[in-house]
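Working notes, beginning with the structure itself.
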Amino acid sequence: MELEGIMEIKVIKKNPIGKKPDGSTLGFGNIFTDHMFNLDYNPEKGWHNARIEPFQKFEFSPATMVLHYGQAIFEGLKAYKNDKKDILLFRVKDNFKRLNNSAKGLCIPELDSDFLIKALHKLLKLEKDWVPEAPGTSLYIRPAIIATDPSIDLRPSETYRYFVILSPVGAYYEGFKPVNIWVSKDYTRAIPGGVGEFKTAGNYAASLFAATEAAENGYNQVLWLDAVEKKYIEEVGSMNIFFVIGDEIVTPKLTGSILPGITRSSVIDLSNNWGFKISERRISIDEILEAHDSGDLKEVFGSGTGVGISPVGKIGLDDTELTINGNKPGELAVKFDEELTGIKLGNREDKFNWVTPVL
Ligand SMILES: *Cc1c(COP(=O)(O)O)cnc(C)c1O
């Protein structure tokens with residue numbers, strides 16, 4: 001497939017620009033910056049018409065394919081501002097590699113990730129004053145692609161829109177407070193041979209019912225088991241998951257139905273670098289119950305761009321509830337969180353070349 005070379009990016013500025021929110025009161029995902037990036041695809045021109053424009057409504061036919069069949073993918077990453085006012089991106093290349101992988105899985109034409117990264121830098125430069133500075137805050141970046149053919153014929157769309165919107169956000173969960181997770185026995189997130197490893201819209205729609213059930217039982221998120229044996233742990237809501245059993249750190253092996261998190265991969269790289277015993281393997285819910293009963297289950301924590309590292313305080317399963325580490329953040333969760341936060345803000349050595357400044 002032919003990809004367009006570096007094309008010109010048109011800029012239409014908003015005037016006047018909006019008022020920035022107070023960094024100390026930010027929630028998640030409801031406030032957007034002044035500008036967005038748009039790029040179109042059709043079979044004749046390929047990806048074309050790159051433009052930064054005021055954040056604005058889309059105008060599409062009610063028959064637009066994505067609205068009916070969910071041919072949509074997205075990414076999620078963050079820009080961080082440190083006290084030297086540098087704006088930094090974390091492992092941005094990995095996000096765009098994953099975007100292309102999701103595109104392939106959903107029959108969406110491939111994109112030139114170097115160009116998309118260049119366009120993102122240009123957008124971020126324009127919106128730099130929107131990157132909040134208060135501890136725990138960041139500018140959340142949401143690239144997405146939707147199928148735009150005005151047709152309800154079931155087939156891959158021939159036209160697409162790629163766009164990027166930006167949202168200043170606070171901490172995902174309150175501080176570093178442990179979350180409670182609920183093991184879902186009746187529902188599954190993803191199946192072998194399905195689309196679980198892609199960041200595609202339908203996966204999240206499919207998770208809502210179980211999440212509601214978890215919430216009704218007093219839990220923050222769902223812990224998903226594998227679809228076939230309902231036995232092996234996969235992941236949590238929008239996080240990957242880690243268990244510390246004795247001196248081993250364990251995370252479920254990627255099987256195709258688990259989202260390959262970039263934070264997950266960072267925790268694995270740091271563990272190896274620090275000489276920790278880390279295993280990517282199948283891990284059953286029974287093994288967790290046994291490790292808890294024998295006192296070997298030291299810590300559980302989730303990983304994701306939204307949360308960073310999120311300690312798990314309680315796991316609910318049927319009528320049982322496991323309390324992990326006295327419902328307090330564990331030593332390793334704190335260590336990984338401090339290291340990753342430090343690297344993301346440019347305050348700790350970036351051994352892996354993960355960070356790129358927005359200049
Ligand atoms: C995005 C996501 C993650 C975390 O991935 P990161 O790259 O670490 O942000 C984990 N699970 C699901 C289902 C996700 O959508």
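Chain identifiers are assigned as A, B, and so on, following the order in which chains appear in the structure tokens; residues are numbered from 1 within each chain, and ligands are numbered from 1 in order of appearance.
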* To do: Enumerate as a list in words all residues of region 50-93 of chain A assigned to alpha helix (DSSP H) by DSSP on the backbone, naming them with the chain letters and numbers the document uses.
  =>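 Answer for region 50-93 of chain A restricted to alpha helix (DSSP H) is Met65, Val66, Leu67, His68, Tyr69, Val92 and Lys93 of chain A.
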* Using only C-alpha atoms and all ligand atoms, which protein or nucleic acid residues are at most 6 Å from ligand 1, as a PyMOL selection string? -> chain A and resi 199+237-240+259+261-264+303-305
* To do: Tell me which protein, DNA and RNA residues are within 6 Å of Asp296 (chain A), counting only C-alpha atoms, leaving out same-chain ones fewer than 5 positions away, and put them as a PyMOL selection string.
  => chain A and resi 245-246+291
* To do: Quick one: pull the distance between CA of Val250 (chain A) and CA of Thr341 (chain A), Å, one decimal.
  =>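 One can read the CA of Val250 (chain A) to CA of Thr341 (chain A) distance as 21.6 Å.
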* **Point-to-point distance in Å for CA of Pro135 (chain A) and CA of Gly27 (chain A)** =>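 Here the two named atoms are 13.3 Å from each other.
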* Long-range neighbours of region 56-62 of chain A as a VMD selection string, 9 Å cut-off, only C-alpha atoms, 3 positions minimum in chain -> chain A and resid 34 to 36 53 65 67 148 to 151
Just N, CA, C and O atoms for this one: save the residues we selected as a PDB file, in the first residue's frame.
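Written file, part.pdb:
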```pdb
ATOM      1  N   ASP A  34      -8.904  24.173  22.165  1.00  0.00           N
ATOM      2  CA  ASP A  34      -9.439  25.009  21.084  1.00  0.00           C
ATOM      3  C   ASP A  34      -9.401  24.335  19.715  1.00  0.00           C
ATOM      4  O   ASP A  34     -10.251  24.593  18.875  1.00  0.00           O
ATOM      5  N   HIS A  35      -8.364  23.518  19.501  1.00  0.00           N
ATOM      6  CA  HIS A  35      -8.147  22.992  18.149  1.00  0.00           C
ATOM      7  C   HIS A  35      -8.125  21.474  18.103  1.00  0.00           C
ATOM      8  O   HIS A  35      -7.885  20.810  19.111  1.00  0.00           O
ATOM      9  N   MET A  36      -8.353  20.945  16.911  1.00  0.00           N
ATOM     10  CA  MET A  36      -8.263  19.512  16.666  1.00  0.00           C
ATOM     11  C   MET A  36      -7.521  19.279  15.348  1.00  0.00           C
ATOM     12  O   MET A  36      -7.355  20.209  14.558  1.00  0.00           O
ATOM     13  N   GLU A  53      -7.753  22.585  12.900  1.00  0.00           N
ATOM     14  CA  GLU A  53      -8.903  23.498  12.814  1.00  0.00           C
ATOM     15  C   GLU A  53      -9.452  23.737  14.210  1.00  0.00           C
ATOM     16  O   GLU A  53      -9.166  22.962  15.125  1.00  0.00           O
ATOM     17  N   MET A  65     -21.353   4.796   8.278  1.00  0.00           N
ATOM     18  CA  MET A  65     -21.069   3.410   8.650  1.00  0.00           C
ATOM     19  C   MET A  65     -20.681   3.176  10.106  1.00  0.00           C
ATOM     20  O   MET A  65     -21.149   2.247  10.744  1.00  0.00           O
ATOM     21  N   LEU A  67     -21.543   4.555  12.709  1.00  0.00           N
ATOM     22  CA  LEU A  67     -22.659   4.646  13.656  1.00  0.00           C
ATOM     23  C   LEU A  67     -23.435   3.341  13.749  1.00  0.00           C
ATOM     24  O   LEU A  67     -24.100   3.069  14.740  1.00  0.00           O
ATOM     25  N   THR A 148     -16.515   6.419   7.396  1.00  0.00           N
ATOM     26  CA  THR A 148     -17.422   7.531   7.070  1.00  0.00           C
ATOM     27  C   THR A 148     -18.286   7.343   5.817  1.00  0.00           C
ATOM     28  O   THR A 148     -18.987   8.276   5.420  1.00  0.00           O
ATOM     29  N   ASP A 149     -18.261   6.187   5.181  1.00  0.00           N
ATOM     30  CA  ASP A 149     -19.149   6.012   4.021  1.00  0.00           C
ATOM     31  C   ASP A 149     -20.601   6.235   4.446  1.00  0.00           C
ATOM     32  O   ASP A 149     -21.037   5.705   5.473  1.00  0.00           O
ATOM     33  N   PRO A 150     -21.375   7.001   3.659  1.00  0.00           N
ATOM     34  CA  PRO A 150     -22.789   7.195   4.007  1.00  0.00           C
ATOM     35  C   PRO A 150     -23.609   6.001   3.521  1.00  0.00           C
ATOM     36  O   PRO A 150     -24.404   6.103   2.590  1.00  0.00           O
ATOM     37  N   SER A 151     -23.430   4.857   4.185  1.00  0.00           N
ATOM     38  CA  SER A 151     -24.051   3.630   3.702  1.00  0.00           C
ATOM     39  C   SER A 151     -24.246   2.651   4.846  1.00  0.00           C
ATOM     40  O   SER A 151     -23.390   2.553   5.734  1.00  0.00           O
TER      41      SER A 151
END
```
Using only C-alpha atoms, find each residue in region 173-291 of chain A having at least one atom no more than 6 Å away from region 307-326 of chain A; report its shortest atom-to-atom pair and that distance in Å (one decimal), rows by chain then rising number, as a tab-separated table.
```
residue	atom	partner	partner_atom	distance
A:Pro178	CA	A:Pro311	CA	4.7
A:Val179	CA	A:Val312	CA	4.8
A:Asn180	CA	A:Lys314	CA	4.6
A:Ile181	CA	A:Ile315	CA	5.0
A:Trp182	CA	A:Gly316	CA	4.6
A:Val183	CA	A:Leu317	CA	5.3
```
* Figure out the distance between CA of Lys125 (chain A) and CA of Gly18 (chain A), please, to one decimal in Å. =>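 So the answer is 16.0 Å.
The closest residue to Ile268 (chain A), picked from A:Leu359, A:Ile285, A:Ile249, A:Ala211 and counting only C-alpha atoms, is A:Ile249.
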* To do: Considering only C-alpha atoms, return as a ChimeraX atom specification whatever protein or nucleic-acid residues lie within 10 Å of Leu99 (chain A), sequence-local ones (same chain, fewer than 5 positions apart) excluded.
  => /A:73-76,93-94,104-105,110-111,113,143-145,198-200
Using all heavy atoms, can you export the residues from the last selection as a short mmCIF file (atom, residue, chain, number, x, y, z; two decimals), in the first residue's frame?
```cif
data_model
loop_
_atom_site.label_atom_id
_atom_site.label_comp_id
_atom_site.auth_asym_id
_atom_site.auth_seq_id
_atom_site.Cartn_x
_atom_site.Cartn_y
_atom_site.Cartn_z
N ILE A 73 -11.54 2.86 15.61
CA ILE A 73 -10.43 2.55 16.51
C ILE A 73 -9.94 3.83 17.16
O ILE A 73 -10.24 4.93 16.67
CB ILE A 73 -9.25 1.87 15.76
CG1 ILE A 73 -8.76 2.76 14.61
CG2 ILE A 73 -9.65 0.49 15.24
CD1 ILE A 73 -7.49 2.25 13.94
N PHE A 74 -9.21 3.69 18.25
CA PHE A 74 -8.69 4.90 18.89
C PHE A 74 -7.38 4.60 19.60
O PHE A 74 -6.95 3.45 19.68
CB PHE A 74 -9.73 5.50 19.84
CG PHE A 74 -10.08 4.65 21.03
CD1 PHE A 74 -9.41 4.80 22.22
CD2 PHE A 74 -11.11 3.70 20.96
CE1 PHE A 74 -9.73 4.03 23.34
CE2 PHE A 74 -11.45 2.93 22.07
CZ PHE A 74 -10.75 3.09 23.26
N GLU A 75 -6.76 5.64 20.10
CA GLU A 75 -5.57 5.53 20.94
C GLU A 75 -5.76 6.45 22.13
O GLU A 75 -6.67 7.30 22.13
CB GLU A 75 -4.30 5.93 20.17
CG GLU A 75 -3.58 4.76 19.51
CD GLU A 75 -3.23 3.67 20.51
OE1 GLU A 75 -2.88 4.00 21.67
OE2 GLU A 75 -3.32 2.49 20.16
N GLY A 76 -4.91 6.30 23.13
CA GLY A 76 -4.95 7.18 24.28
C GLY A 76 -3.54 7.36 24.79
O GLY A 76 -2.86 6.38 25.08
N LYS A 93 5.73 6.69 19.82
CA LYS A 93 5.83 5.80 18.65
C LYS A 93 5.06 4.51 18.85
O LYS A 93 4.50 3.95 17.90
CB LYS A 93 7.30 5.45 18.41
CG LYS A 93 8.04 6.48 17.61
CD LYS A 93 9.38 5.92 17.18
CE LYS A 93 10.03 6.92 16.24
NZ LYS A 93 11.44 6.64 16.04
N ASP A 94 5.06 4.03 20.10
CA ASP A 94 4.35 2.77 20.38
C ASP A 94 2.84 2.93 20.23
O ASP A 94 2.16 2.01 19.80
CB ASP A 94 4.70 2.28 21.78
CG ASP A 94 6.17 1.91 21.87
OD1 ASP A 94 6.56 0.94 21.22
OD2 ASP A 94 6.93 2.61 22.55
N LYS A 104 -5.25 -2.34 10.96
CA LYS A 104 -5.19 -3.57 10.19
C LYS A 104 -6.30 -4.54 10.61
O LYS A 104 -6.99 -5.12 9.78
CB LYS A 104 -3.81 -4.19 10.42
CG LYS A 104 -3.40 -5.19 9.40
CD LYS A 104 -1.92 -5.48 9.55
CE LYS A 104 -1.61 -6.84 8.95
NZ LYS A 104 -0.37 -7.38 9.50
N GLY A 105 -6.49 -4.66 11.92
CA GLY A 105 -7.48 -5.58 12.45
C GLY A 105 -8.91 -5.20 12.10
O GLY A 105 -9.81 -6.05 12.11
N GLU A 110 -3.78 1.63 6.24
CA GLU A 110 -2.62 1.97 7.04
C GLU A 110 -2.30 3.48 6.97
O GLU A 110 -2.56 4.13 5.96
CB GLU A 110 -1.43 1.17 6.48
CG GLU A 110 -0.22 1.19 7.34
CD GLU A 110 0.94 0.41 6.71
OE1 GLU A 110 0.76 -0.21 5.63
OE2 GLU A 110 2.03 0.44 7.31
N LEU A 111 -1.71 3.98 8.06
CA LEU A 111 -1.33 5.40 8.10
C LEU A 111 0.17 5.52 8.28
O LEU A 111 0.82 4.63 8.81
CB LEU A 111 -2.03 6.10 9.28
CG LEU A 111 -3.55 6.05 9.27
CD1 LEU A 111 -4.05 5.02 10.26
CD2 LEU A 111 -4.14 7.41 9.57
N SER A 113 2.83 6.65 10.34
CA SER A 113 2.87 7.06 11.75
C SER A 113 3.86 8.20 11.99
O SER A 113 3.62 9.04 12.86
CB SER A 113 3.12 5.89 12.69
OG SER A 113 4.12 5.07 12.21
N PRO A 143 -6.39 10.22 19.65
CA PRO A 143 -6.50 10.01 18.20
C PRO A 143 -7.58 8.95 17.95
O PRO A 143 -7.72 8.02 18.74
CB PRO A 143 -5.13 9.44 17.81
CG PRO A 143 -4.25 9.57 19.05
CD PRO A 143 -5.19 9.57 20.20
N ALA A 144 -8.32 9.10 16.87
CA ALA A 144 -9.35 8.11 16.54
C ALA A 144 -9.56 8.05 15.04
O ALA A 144 -9.24 9.02 14.32
CB ALA A 144 -10.66 8.47 17.24
N ILE A 145 -10.06 6.92 14.57
CA ILE A 145 -10.41 6.78 13.15
C ILE A 145 -11.82 6.19 13.06
O ILE A 145 -12.13 5.22 13.76
CB ILE A 145 -9.44 5.85 12.40
CG1 ILE A 145 -7.99 6.34 12.57
CG2 ILE A 145 -9.80 5.76 10.92
CD1 ILE A 145 -6.95 5.44 11.92
N PHE A 198 -7.24 -5.15 19.88
CA PHE A 198 -7.31 -3.86 19.18
C PHE A 198 -8.09 -2.86 20.03
O PHE A 198 -9.05 -3.23 20.70
CB PHE A 198 -8.00 -4.02 17.82
CG PHE A 198 -7.41 -5.11 16.97
CD1 PHE A 198 -8.20 -6.12 16.45
CD2 PHE A 198 -6.04 -5.14 16.72
CE1 PHE A 198 -7.66 -7.14 15.68
CE2 PHE A 198 -5.47 -6.16 15.95
CZ PHE A 198 -6.29 -7.17 15.42
N LYS A 199 -7.69 -1.58 19.95
CA LYS A 199 -8.46 -0.55 20.66
C LYS A 199 -9.60 -0.14 19.73
O LYS A 199 -9.53 0.87 19.04
CB LYS A 199 -7.55 0.64 21.01
CG LYS A 199 -7.09 0.63 22.48
CD LYS A 199 -6.24 1.82 22.81
CE LYS A 199 -6.45 2.38 24.20
NZ LYS A 199 -6.27 1.48 25.31
N THR A 200 -10.64 -0.96 19.72
CA THR A 200 -11.77 -0.70 18.84
C THR A 200 -13.03 -0.48 19.68
O THR A 200 -13.21 -1.12 20.72
CB THR A 200 -11.97 -1.83 17.82
OG1 THR A 200 -13.05 -1.50 16.94
CG2 THR A 200 -12.26 -3.18 18.48
#
```
* Can you pull out every residue within 10 Å of Ser266 (chain A), counting only C-alpha atoms, but drop anything in the same chain fewer than 6 positions away, and send it as a list in words? =>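 Listed by chain and then number, they are Arg91, Asn272, Ser303, Phe336, Leu340, Phe352 and Trp354 of chain A.
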Just the selected residues (C-alpha atoms), exported as an mmCIF file, in the first residue's frame, please.
```cif
data_model
loop_
_atom_site.group_PDB
_atom_site.id
_atom_site.type_symbol
_atom_site.label_atom_id
_atom_site.label_comp_id
_atom_site.auth_asym_id
_atom_site.auth_seq_id
_atom_site.Cartn_x
_atom_site.Cartn_y
_atom_site.Cartn_z
ATOM 1 C CA ARG A 91 6.477 6.243 24.111
ATOM 2 C CA ASN A 272 13.928 -6.739 33.815
ATOM 3 C CA SER A 303 -1.360 -0.370 34.591
ATOM 4 C CA PHE A 336 6.833 1.534 39.532
ATOM 5 C CA LEU A 340 7.253 5.985 35.553
ATOM 6 C CA PHE A 352 14.945 3.408 27.403
ATOM 7 C CA TRP A 354 10.827 6.633 26.025
#
```
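Candidate residues A:Phe209, A:Phe301, A:Trp130, A:Trp224 were compared for distance to Val267 (chain A), and the nearest is A:Phe301, using only C-alpha atoms.
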